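Trainee: Have a look at this one.
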Amino acid sequence: MDKFKAFGLAAVPAVHVRAPLIGECYANFECQLADDRQIDEYGLFIWEIVKGHVASNMIEPETLHYRGHGEFRVAGPVLDFNDRFKPQNL
């Protein structure tokens, strides 16, 4: 199945890997397999990010977050406290 065609997504060429990036995504990560020793026992692949991409044309993307137990939430609006924020108070 061509997932790009089926879901109307734009395949964008990556810089370091053969797999395409998804044009509609806010962020894309190009990864290469770093460690495959745990695949047989745990089904675990360990990837190394070799390049990250962030869309400059999207201001506040809606992001979906899994909270566990079948529960999801969509991130809310950005709150701007630049005039009162003090990093040393973190």
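Residues in the structure tokens are named by chain (A, B, ... in the order shown) and by number from 1 within that chain; ligands are numbered from 1 in the order shown.
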What's around Asp35 (chain A) at 10 Å? Count only C-alpha atoms, leave out sequence neighbours fewer than 3 positions away in its own chain, and write the answer as a PyMOL selection string.
Mentor: chain A and resi 32+38-39+44-48
Trainee: Those residues with N, CA and C atoms, as a compact mmCIF listing (two decimals), in the first residue's frame please?
Mentor:
```
# COMPACT_ATOMS: atom_id res chain seq x y z
N GLN A 32 18.86 6.43 11.41
CA GLN A 32 19.52 5.23 10.92
C GLN A 32 19.60 4.24 12.08
N GLN A 38 18.73 -6.18 20.09
CA GLN A 38 17.57 -6.53 20.92
C GLN A 38 16.32 -6.85 20.10
N ILE A 39 16.47 -6.93 18.79
CA ILE A 39 15.31 -7.17 17.93
C ILE A 39 14.70 -8.55 18.19
N LEU A 44 12.93 -4.74 19.73
CA LEU A 44 13.32 -3.35 19.96
C LEU A 44 14.40 -2.93 18.97
N PHE A 45 14.11 -1.86 18.26
CA PHE A 45 15.08 -1.24 17.34
C PHE A 45 15.57 0.04 18.01
N ILE A 46 16.86 0.30 17.99
CA ILE A 46 17.40 1.54 18.55
C ILE A 46 17.92 2.37 17.38
N TRP A 47 17.35 3.55 17.24
CA TRP A 47 17.65 4.42 16.12
C TRP A 47 18.47 5.62 16.57
N GLU A 48 19.28 6.13 15.66
CA GLU A 48 20.04 7.36 15.89
C GLU A 48 19.47 8.41 14.95
```
Trainee: Just list the residues in chain A DSSP gives alpha helix (DSSP H) on the backbone, as a PyMOL selection string.
Mentor: chain A and resi 3-7+39-42
Trainee: Find the residue from A:Leu79, A:Ala34, A:Ile22, A:Ala27 that sits nearest to Phe7 (chain A); use only C-alpha atoms when measuring.
Mentor: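 Looking only at the distances to Phe7 (chain A), the closest residue turns out to be A:Ile22.
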Trainee: Please identify all polymer residues within 12 Å of region 53-69 of chain A, counting only C-alpha atoms, omitting same-chain residues fewer than 6 positions from it, and present them as JSON, numbers by chain.
Mentor: {"A": [12, 13, 14, 15, 16, 21, 22, 23, 24, 25, 26, 27, 28, 29, 30, 31, 75, 76, 77, 78, 79]}
Trainee: How would the residues just chosen look if you wrote them out with N, CA, C and O atoms as a compact mmCIF listing (two decimals), in the first residue's frame?
Mentor:
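Resulting contents of result.txt:
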```txt
# COMPACT_ATOMS: atom_id res chain seq x y z
N VAL A 12 8.61 14.10 0.70
CA VAL A 12 9.68 15.08 0.52
C VAL A 12 11.01 14.36 0.67
O VAL A 12 11.20 13.59 1.62
N PRO A 13 11.96 14.58 -0.25
CA PRO A 13 13.24 13.88 -0.14
C PRO A 13 13.99 14.23 1.15
O PRO A 13 14.01 15.39 1.56
N ALA A 14 14.59 13.23 1.76
CA ALA A 14 15.42 13.43 2.95
C ALA A 14 16.84 13.78 2.51
O ALA A 14 17.18 13.66 1.34
N VAL A 15 17.65 14.19 3.46
CA VAL A 15 19.04 14.58 3.17
C VAL A 15 19.98 13.39 3.34
O VAL A 15 20.85 13.16 2.51
N HIS A 16 19.81 12.60 4.41
CA HIS A 16 20.76 11.54 4.76
C HIS A 16 20.24 10.12 4.59
O HIS A 16 21.03 9.18 4.64
N LEU A 21 10.51 12.14 3.80
CA LEU A 21 9.91 12.88 4.89
C LEU A 21 8.44 13.11 4.53
O LEU A 21 8.06 13.00 3.38
N ILE A 22 7.62 13.44 5.52
CA ILE A 22 6.21 13.72 5.27
C ILE A 22 6.04 15.24 5.28
O ILE A 22 6.23 15.90 6.31
N GLY A 23 5.71 15.80 4.13
CA GLY A 23 5.64 17.24 3.96
C GLY A 23 4.68 17.93 4.90
O GLY A 23 4.89 19.08 5.28
N GLU A 24 3.59 17.27 5.28
CA GLU A 24 2.58 17.88 6.14
C GLU A 24 2.93 17.84 7.62
O GLU A 24 2.22 18.42 8.44
N CYS A 25 4.00 17.18 7.99
CA CYS A 25 4.38 17.06 9.41
C CYS A 25 5.11 18.30 9.89
O CYS A 25 5.91 18.89 9.17
N TYR A 26 4.84 18.66 11.14
CA TYR A 26 5.53 19.80 11.76
C TYR A 26 7.02 19.49 11.93
O TYR A 26 7.86 20.35 11.77
N ALA A 27 7.33 18.24 12.28
CA ALA A 27 8.72 17.84 12.47
C ALA A 27 8.95 16.48 11.84
O ALA A 27 8.07 15.63 11.86
N ASN A 28 10.12 16.30 11.26
CA ASN A 28 10.54 15.01 10.71
C ASN A 28 11.94 14.71 11.24
O ASN A 28 12.76 15.62 11.40
N PHE A 29 12.20 13.45 11.50
CA PHE A 29 13.52 13.02 11.94
C PHE A 29 14.03 11.97 10.98
O PHE A 29 13.35 10.98 10.73
N GLU A 30 15.23 12.18 10.47
CA GLU A 30 15.89 11.16 9.66
C GLU A 30 16.69 10.29 10.62
O GLU A 30 17.46 10.80 11.43
N CYS A 31 16.47 8.98 10.56
CA CYS A 31 17.11 8.06 11.50
C CYS A 31 17.82 6.94 10.77
O CYS A 31 17.41 6.53 9.68
N ALA A 75 -2.99 19.23 22.37
CA ALA A 75 -2.35 20.34 23.08
C ALA A 75 -3.16 21.62 22.91
O ALA A 75 -3.75 21.86 21.85
N GLY A 76 -3.19 22.42 23.93
CA GLY A 76 -3.95 23.66 23.92
C GLY A 76 -3.17 24.83 23.34
O GLY A 76 -2.07 24.66 22.81
N PRO A 77 -3.70 26.02 23.50
CA PRO A 77 -3.05 27.21 22.94
C PRO A 77 -1.75 27.54 23.68
O PRO A 77 -1.56 27.14 24.83
N VAL A 78 -0.89 28.27 23.01
CA VAL A 78 0.38 28.71 23.60
C VAL A 78 0.09 29.90 24.52
O VAL A 78 -0.64 30.82 24.15
N LEU A 79 0.64 29.88 25.70
CA LEU A 79 0.49 30.98 26.65
C LEU A 79 1.79 31.78 26.67
O LEU A 79 2.87 31.22 26.85
```
Trainee: Work out how far apart CA of Ala11 (chain A) and CA of Val74 (chain A) are and give it in Å to one decimal.
Mentor: 25.2 Å
Trainee: So the first atom is CA of Leu33 (chain A) and the second is CA of Ile49 (chain A); what is the distance between them in Å, to one decimal place?
Mentor: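 Interatomic distance here is 9.0 Å.
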Trainee: State, in Å with one decimal place, the distance from CA of Ala10 (chain A) to CA of Lys51 (chain A).
Mentor: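 According to the coordinates, CA of Ala10 (chain A) and CA of Lys51 (chain A) are separated by 18.9 Å.
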Trainee: Using backbone DSSP assignments, extract all strand (DSSP E) residues from region 4-85 of chain A; output them as a PyMOL selection string.
Mentor: chain A and resi 11-12+21-22+27-35+46-54+64-68+71-74
